[in-house]
Amino acid sequence: MKKINNLVCFLLVIGAALLLSGCWSKKELTDLAIVAAIGIDKNEEGRYVGTLQIINPGNVASGMQGGGGSQGPPVSVITGTGDSIVELSRKASRKLSRRLYYAHTNLVVIGEDLAREEPLTTILDSLERDAAFRSTAILVIAQGSKASDIVKVLTAIDKIPSNKIIKTLKFTERTWGENIAITMQDAIKILVSPGKELVVSGFRLSGDVDKGKKIESTQQTEPSSLLYAGGLAIFKNGKLTDWIGGNTARGSVFLLDKLNASAIGVKWEGKDEAILYELIRQKTTVSAKLEKGKPHVSIEVSAEGNIGEIKVPTDLTNPDVLLKIEKEIEKEIKNEISIAVKQAQKNKSDIFGFGDALHRTNPKEWAKMAPKWHDIYFPEVKTDIVVDAFIRRTGLRNAPHQINK
């Protein structure tokens, strides 16, 4: 009986071994060109131009260990041209001794001119279909420049330029609130939704572009060129239609319920920006309903933060004073949101998802409105904005220095 059991175990092991796939699909690192970012533009002939940022593993590793001043650049850039995204990628392979590998591509940059001319769904279609391409790649628009310029510039602190862009976008989203990081997957979901339009962060380039492509630029205390977060790009029917920035952008991020932190200046004692409110958390709720056959949207915002700075004499030990300051903060937040709504209505682009909110509460009526939502109904939507701001702390001192003089 024992021999039979041993024989059965042996046959099971042999059978399992036959089912193992082994290393039939292995890829050697020395045979791969790892693409960190891709920039897409169109040339004068109307053909797509792809700019691929490829990692040089040896140079990145030596730079991470310190020194690296005599090493080559951490990335190399090649371009490909074609009538489609797939064609430009395959044509670019003629310039490489390695296979293009998109599994680590974490950034997609679209040129502003192309974003205005062609729907993003057409551009992103091939990228989404590719099983090797990461749907979590961050999408940005090259504001005021070509995508190729953004991809080609080297950065000083972060060895991989694409990482610098992504980290900058995420950090400014967490600390300032005028930008949002949106993945390619999320962008496509919004683009195919009839009740919401897309909003994407832009990235700008300052300084000398040609010098920024050279590694010597990164070895200066002040680089020859600089990549930095720009405004928010508003889309309609998949095409870029307008840019917003400043308080309008922050009001939009408020409404999108993606504002993590910011610094809000309010008027006090007749002086603008006299008190700075450091927002530490917020929650925005949007609901929609029909009133006499017309859509009506209610916006409720709860905000919590600390007093970060005071420029005029103020008694923060007085509860009544704190209540008045909170009212001023609520007024400022409400004003920013109101301006953001008006700007979106002007562009006839429902970037806030009011249509989606109406769809959830009135699906039958929404079905009738959907075809004309952005052009007819959304610009006329009435909104009620209610803001509740709370001051959690006043800092390490209550009385500002001006009182002591």
# chains A, B, ... in the order shown; residues from 1 in each chain; ligands from 1
>>> closest_atom_pairs(of="stretch 80-178 of chain A", to="stretch 225-231 of chain A", cutoff="9 Å", atoms="only C-alpha atoms", output="tab-separated table")
residue	atom	partner	partner_atom	distance
A:Ala142	CA	A:Gly230	CA	8.8
A:Gln143	CA	A:Gly230	CA	6.9
A:Ile150	CA	A:Leu227	CA	7.3
A:Val153	CA	A:Ser225	CA	7.5
A:Leu154	CA	A:Ser225	CA	8.5
A:Thr155	CA	A:Leu226	CA	7.6
A:Lys164	CA	A:Leu227	CA	8.5
A:Ile165	CA	A:Leu227	CA	7.4
A:Thr168	CA	A:Ala229	CA	7.1
A:Leu169	CA	A:Ala229	CA	6.4
A:Thr172	CA	A:Ala229	CA	8.0
A:Glu178	CA	A:Gly231	CA	7.3
>>> residues_around(residues="A:Lys342", least_positions_apart="4", cutoff="12 Å", atoms="only C-alpha atoms", output="ChimeraX atom specification")
/A:244,248,251-252,335-338,346-352,378-383
>>> write_last_selection(atoms="N, CA and C atoms", output="CSV table (one decimal), in the first residue's frame")
chain,number,residue,atom,x,y,z
A,244,ILE,N,-7.6,77.1,-16.9
A,244,ILE,CA,-7.9,77.9,-15.7
A,244,ILE,C,-6.8,77.8,-14.7
A,248,THR,N,-9.6,80.2,-9.4
A,248,THR,CA,-10.6,79.4,-10.2
A,248,THR,C,-10.3,78.0,-10.2
A,251,GLY,N,-11.0,76.5,-6.8
A,251,GLY,CA,-12.4,76.3,-6.6
A,251,GLY,C,-12.9,75.1,-7.3
A,252,SER,N,-12.3,74.8,-8.5
A,252,SER,CA,-12.7,73.6,-9.3
A,252,SER,C,-12.3,72.3,-8.5
A,335,ASN,N,-17.0,82.0,-2.8
A,335,ASN,CA,-16.7,82.8,-3.9
A,335,ASN,C,-15.8,82.1,-4.9
A,336,GLU,N,-14.8,81.4,-4.5
A,336,GLU,CA,-14.0,80.6,-5.4
A,336,GLU,C,-14.7,79.5,-6.1
A,337,ILE,N,-15.6,78.8,-5.4
A,337,ILE,CA,-16.4,77.8,-6.0
A,337,ILE,C,-17.4,78.4,-7.0
A,338,SER,N,-18.0,79.5,-6.7
A,338,SER,CA,-18.9,80.2,-7.6
A,338,SER,C,-18.3,80.6,-8.9
A,346,LYS,N,-19.4,78.9,-18.7
A,346,LYS,CA,-19.1,79.7,-19.9
A,346,LYS,C,-18.5,78.8,-21.0
A,347,ASN,N,-17.7,77.8,-20.6
A,347,ASN,CA,-17.1,76.9,-21.5
A,347,ASN,C,-18.0,75.8,-21.9
A,348,LYS,N,-19.2,75.7,-21.3
A,348,LYS,CA,-20.2,74.7,-21.6
A,348,LYS,C,-19.5,73.3,-21.4
A,349,SER,N,-18.8,73.2,-20.3
A,349,SER,CA,-18.1,71.9,-20.0
A,349,SER,C,-18.4,71.5,-18.6
A,350,ASP,N,-19.1,70.5,-18.3
A,350,ASP,CA,-19.5,70.1,-17.0
A,350,ASP,C,-18.3,69.2,-16.4
A,351,ILE,N,-17.3,69.9,-16.0
A,351,ILE,CA,-16.1,69.1,-15.4
A,351,ILE,C,-16.4,68.7,-14.0
A,352,PHE,N,-17.5,69.1,-13.4
A,352,PHE,CA,-17.8,68.8,-12.0
A,352,PHE,C,-18.7,67.6,-11.8
A,378,PHE,N,-26.6,72.5,-18.8
A,378,PHE,CA,-25.5,72.9,-17.9
A,378,PHE,C,-25.3,74.4,-17.7
A,379,PRO,N,-25.2,75.1,-18.8
A,379,PRO,CA,-24.9,76.6,-18.7
A,379,PRO,C,-26.0,77.3,-17.9
A,380,GLU,N,-27.2,76.7,-17.7
A,380,GLU,CA,-28.3,77.4,-17.0
A,380,GLU,C,-28.5,76.8,-15.6
A,381,VAL,N,-27.7,75.9,-15.2
A,381,VAL,CA,-27.9,75.2,-13.9
A,381,VAL,C,-27.8,76.2,-12.8
A,382,LYS,N,-28.8,76.2,-11.9
A,382,LYS,CA,-28.7,77.1,-10.7
A,382,LYS,C,-28.1,76.3,-9.5
A,383,THR,N,-27.2,76.9,-8.7
A,383,THR,CA,-26.5,76.3,-7.7
A,383,THR,C,-26.7,76.9,-6.3
>>> residues_around(residues="A:Leu316", least_positions_apart="4", cutoff="12 Å", atoms="only C-alpha atoms", output="list in words")
Ile275, Asn306, Ile307, Glu309, Ile310, Val312, Asp320, Val321, Leu322, Leu323, Lys324, Ile325, Glu326, Ile391, Arg393, Thr394, Gly395, Leu396, Arg397, Asn398, Ala399, Pro400 and Ile403 of chain A
>>> select_by_dssp(residues="stretch 132-350 of chain A", states="strand (DSSP E or B)", output="MDAnalysis selection string")
chainID A and resid 138:142 182:183 199:207 225:236 239:244 262:268 271:291 294:310
>>> residues_around(residues="A:Gly80", least_positions_apart="2", cutoff="12 Å", atoms="only C-alpha atoms", output="PyMOL selection string")
chain A and resi 38-43+47-53+77-78+82-96+100+148
>>> write_last_selection(atoms="N, CA and C atoms", output="mmCIF file, in the first residue's frame")
data_model
loop_
_atom_site.group_PDB
_atom_site.id
_atom_site.type_symbol
_atom_site.label_atom_id
_atom_site.label_comp_id
_atom_site.auth_asym_id
_atom_site.auth_seq_id
_atom_site.Cartn_x
_atom_site.Cartn_y
_atom_site.Cartn_z
ATOM 1 N N ILE A 38 6.181 59.060 -22.517
ATOM 2 C CA ILE A 38 5.944 59.260 -23.936
ATOM 3 C C ILE A 38 5.238 60.591 -24.142
ATOM 4 N N GLY A 39 5.752 61.391 -25.061
ATOM 5 C CA GLY A 39 5.124 62.654 -25.429
ATOM 6 C C GLY A 39 4.583 62.547 -26.837
ATOM 7 N N ILE A 40 3.369 63.045 -27.064
ATOM 8 C CA ILE A 40 2.724 62.904 -28.369
ATOM 9 C C ILE A 40 2.337 64.274 -28.902
ATOM 10 N N ASP A 41 2.797 64.566 -30.112
ATOM 11 C CA ASP A 41 2.469 65.811 -30.818
ATOM 12 C C ASP A 41 2.031 65.463 -32.230
ATOM 13 N N LYS A 42 1.763 66.497 -33.020
ATOM 14 C CA LYS A 42 1.529 66.343 -34.452
ATOM 15 C C LYS A 42 2.404 67.338 -35.200
ATOM 16 N N ASN A 43 2.975 66.897 -36.315
ATOM 17 C CA ASN A 43 3.825 67.798 -37.086
ATOM 18 C C ASN A 43 3.000 68.560 -38.119
ATOM 19 N N ARG A 47 1.007 64.329 -39.112
ATOM 20 C CA ARG A 47 1.371 62.999 -38.640
ATOM 21 C C ARG A 47 1.744 63.068 -37.164
ATOM 22 N N TYR A 48 1.510 61.967 -36.450
ATOM 23 C CA TYR A 48 1.846 61.904 -35.039
ATOM 24 C C TYR A 48 3.367 61.834 -34.862
ATOM 25 N N VAL A 49 3.843 62.553 -33.851
ATOM 26 C CA VAL A 49 5.258 62.499 -33.493
ATOM 27 C C VAL A 49 5.347 62.055 -32.039
ATOM 28 N N GLY A 50 5.957 60.913 -31.819
ATOM 29 C CA GLY A 50 6.112 60.408 -30.469
ATOM 30 C C GLY A 50 7.530 60.606 -29.975
ATOM 31 N N THR A 51 7.667 61.146 -28.781
ATOM 32 C CA THR A 51 8.978 61.353 -28.162
ATOM 33 C C THR A 51 9.069 60.428 -26.954
ATOM 34 N N LEU A 52 9.988 59.495 -26.994
ATOM 35 C CA LEU A 52 10.104 58.462 -25.973
ATOM 36 C C LEU A 52 11.294 58.737 -25.068
ATOM 37 N N GLN A 53 11.027 58.787 -23.782
ATOM 38 C CA GLN A 53 12.074 58.981 -22.775
ATOM 39 C C GLN A 53 12.481 57.605 -22.248
ATOM 40 N N VAL A 77 16.549 60.054 -25.385
ATOM 41 C CA VAL A 77 15.283 60.371 -26.039
ATOM 42 C C VAL A 77 15.362 60.019 -27.522
ATOM 43 N N ILE A 78 14.352 59.308 -28.007
ATOM 44 C CA ILE A 78 14.237 59.040 -29.436
ATOM 45 C C ILE A 78 12.845 59.449 -29.886
ATOM 46 N N GLY A 82 4.501 58.726 -37.394
ATOM 47 C CA GLY A 82 3.604 57.818 -38.090
ATOM 48 C C GLY A 82 2.204 58.383 -38.203
ATOM 49 N N ASP A 83 1.381 57.707 -38.984
ATOM 50 C CA ASP A 83 -0.012 58.124 -39.139
ATOM 51 C C ASP A 83 -0.877 57.641 -37.979
ATOM 52 N N SER A 84 -0.288 56.828 -37.114
ATOM 53 C CA SER A 84 -0.987 56.338 -35.927
ATOM 54 C C SER A 84 0.024 56.179 -34.806
ATOM 55 N N ILE A 85 -0.479 56.018 -33.586
ATOM 56 C CA ILE A 85 0.402 55.852 -32.426
ATOM 57 C C ILE A 85 1.174 54.536 -32.546
ATOM 58 N N VAL A 86 0.502 53.486 -33.001
ATOM 59 C CA VAL A 86 1.164 52.191 -33.159
ATOM 60 C C VAL A 86 2.278 52.290 -34.192
ATOM 61 N N GLU A 87 2.011 52.981 -35.285
ATOM 62 C CA GLU A 87 3.019 53.094 -36.346
ATOM 63 C C GLU A 87 4.252 53.857 -35.873
ATOM 64 N N LEU A 88 4.051 54.965 -35.155
ATOM 65 C CA LEU A 88 5.205 55.743 -34.710
ATOM 66 C C LEU A 88 6.046 54.944 -33.725
ATOM 67 N N SER A 89 5.393 54.120 -32.898
ATOM 68 C CA SER A 89 6.132 53.307 -31.938
ATOM 69 C C SER A 89 6.972 52.259 -32.646
ATOM 70 N N ARG A 90 6.398 51.620 -33.644
ATOM 71 C CA ARG A 90 7.137 50.580 -34.358
ATOM 72 C C ARG A 90 8.248 51.175 -35.220
ATOM 73 N N LYS A 91 7.999 52.343 -35.758
ATOM 74 C CA LYS A 91 9.046 52.987 -36.557
ATOM 75 C C LYS A 91 10.204 53.459 -35.692
ATOM 76 N N ALA A 92 9.887 53.840 -34.455
ATOM 77 C CA ALA A 92 10.951 54.279 -33.542
ATOM 78 C C ALA A 92 11.925 53.155 -33.248
ATOM 79 N N SER A 93 11.461 51.902 -33.370
ATOM 80 C CA SER A 93 12.332 50.759 -33.078
ATOM 81 C C SER A 93 13.500 50.669 -34.049
ATOM 82 N N ARG A 94 13.410 51.325 -35.194
ATOM 83 C CA ARG A 94 14.518 51.302 -36.149
ATOM 84 C C ARG A 94 15.735 52.054 -35.631
ATOM 85 N N LYS A 95 15.516 52.894 -34.609
ATOM 86 C CA LYS A 95 16.619 53.686 -34.066
ATOM 87 C C LYS A 95 17.237 53.055 -32.823
ATOM 88 N N LEU A 96 16.756 51.879 -32.459
ATOM 89 C CA LEU A 96 17.214 51.240 -31.225
ATOM 90 C C LEU A 96 17.726 49.828 -31.479
ATOM 91 N N LEU A 100 11.337 48.125 -27.449
ATOM 92 C CA LEU A 100 10.648 49.111 -26.621
ATOM 93 C C LEU A 100 9.764 48.398 -25.599
ATOM 94 N N SER A 148 7.137 67.146 -26.789
ATOM 95 C CA SER A 148 8.534 66.731 -26.973
ATOM 96 C C SER A 148 9.481 67.558 -26.121
#
>>> select_by_dssp(residues="stretch 232-383 of chain A", states="alpha helix (DSSP H)", output="ChimeraX atom specification")
/A:246-255,319-346,354-361,363-369
>>> write_last_selection(atoms="C-alpha atoms", output="CSV table (one decimal), in the first residue's frame")
chain,number,residue,atom,x,y,z
A,246,GLY,CA,-5.3,80.5,-9.5
A,247,ASN,CA,-8.4,80.6,-7.3
A,248,THR,CA,-10.6,79.4,-10.2
A,249,ALA,CA,-8.6,76.3,-10.4
A,250,ARG,CA,-8.7,75.8,-6.6
A,251,GLY,CA,-12.4,76.3,-6.6
A,252,SER,CA,-12.7,73.6,-9.3
A,253,VAL,CA,-10.6,71.2,-7.2
A,254,PHE,CA,-12.9,72.0,-4.2
A,255,LEU,CA,-15.9,71.0,-6.2
A,319,PRO,CA,-14.7,83.2,20.5
A,320,ASP,CA,-16.8,85.8,18.7
A,321,VAL,CA,-13.7,87.0,16.7
A,322,LEU,CA,-13.0,83.4,15.6
A,323,LEU,CA,-16.6,82.9,14.5
A,324,LYS,CA,-16.4,86.1,12.4
A,325,ILE,CA,-13.1,84.9,10.8
A,326,GLU,CA,-14.8,81.6,10.0
A,327,LYS,CA,-17.6,83.5,8.3
A,328,GLU,CA,-15.0,85.3,6.2
A,329,ILE,CA,-13.3,82.0,5.3
A,330,GLU,CA,-16.7,80.5,4.3
A,331,LYS,CA,-17.3,83.6,2.1
A,332,GLU,CA,-14.0,83.2,0.3
A,333,ILE,CA,-14.4,79.5,-0.3
A,334,LYS,CA,-17.9,80.1,-1.6
A,335,ASN,CA,-16.7,82.8,-3.9
A,336,GLU,CA,-14.0,80.6,-5.4
A,337,ILE,CA,-16.4,77.8,-6.0
A,338,SER,CA,-18.9,80.2,-7.6
A,339,ILE,CA,-16.3,81.6,-10.0
A,340,ALA,CA,-15.3,78.1,-10.9
A,341,VAL,CA,-18.8,77.1,-11.7
A,342,LYS,CA,-19.4,80.2,-13.9
A,343,GLN,CA,-16.2,79.6,-15.8
A,344,ALA,CA,-17.2,76.0,-16.5
A,345,GLN,CA,-20.6,77.1,-17.6
A,346,LYS,CA,-19.1,79.7,-19.9
A,354,PHE,CA,-23.4,67.7,-12.2
A,355,GLY,CA,-24.9,65.6,-15.0
A,356,ASP,CA,-23.8,62.4,-13.2
A,357,ALA,CA,-25.4,63.6,-10.0
A,358,LEU,CA,-28.7,64.3,-11.8
A,359,HIS,CA,-28.5,60.9,-13.5
A,360,ARG,CA,-28.4,59.2,-10.1
A,361,THR,CA,-31.5,61.0,-8.8
A,363,PRO,CA,-32.4,58.7,-14.5
A,364,LYS,CA,-35.5,59.0,-16.8
A,365,GLU,CA,-35.3,62.8,-17.1
A,366,TRP,CA,-31.5,62.6,-17.5
A,367,ALA,CA,-31.9,60.3,-20.5
A,368,LYS,CA,-33.9,63.1,-22.2
A,369,MET,CA,-31.4,65.8,-21.2
>>> residues_around(residues="stretch 125-139 of chain A", least_positions_apart="5", cutoff="7 Å", atoms="only C-alpha atoms", output="number ranges by chain")
A: 85-86, 102-103, 105-109, 181-185
>>> atom_distance(atom1="atom CA of A:Ala274", atom2="atom CA of A:Lys311")
5.0 Å
>>> closest_residue(among="A:Gln282, A:Thr175, A:Asn318, A:Thr218", to="A:Ala389", atoms="only C-alpha atoms")
A:Gln282
>>> atom_distance(atom1="atom CA of A:Ile180", atom2="atom CA of A:Trp243")
13.7 Å
>>> closest_residue(among="A:Leu290, A:Ile299, A:Ala370, A:Ile34", to="A:Pro194", atoms="only C-alpha atoms")
A:Ala370
>>> atom_distance(atom1="atom CA of A:Ile280", atom2="atom CA of A:Ala303")
7.9 Å
>>> residues_around(residues="A:Ala115", least_positions_apart="5", cutoff="8 Å", atoms="only C-alpha atoms", output="PyMOL selection string")
chain A and resi 110+120+141+239-240
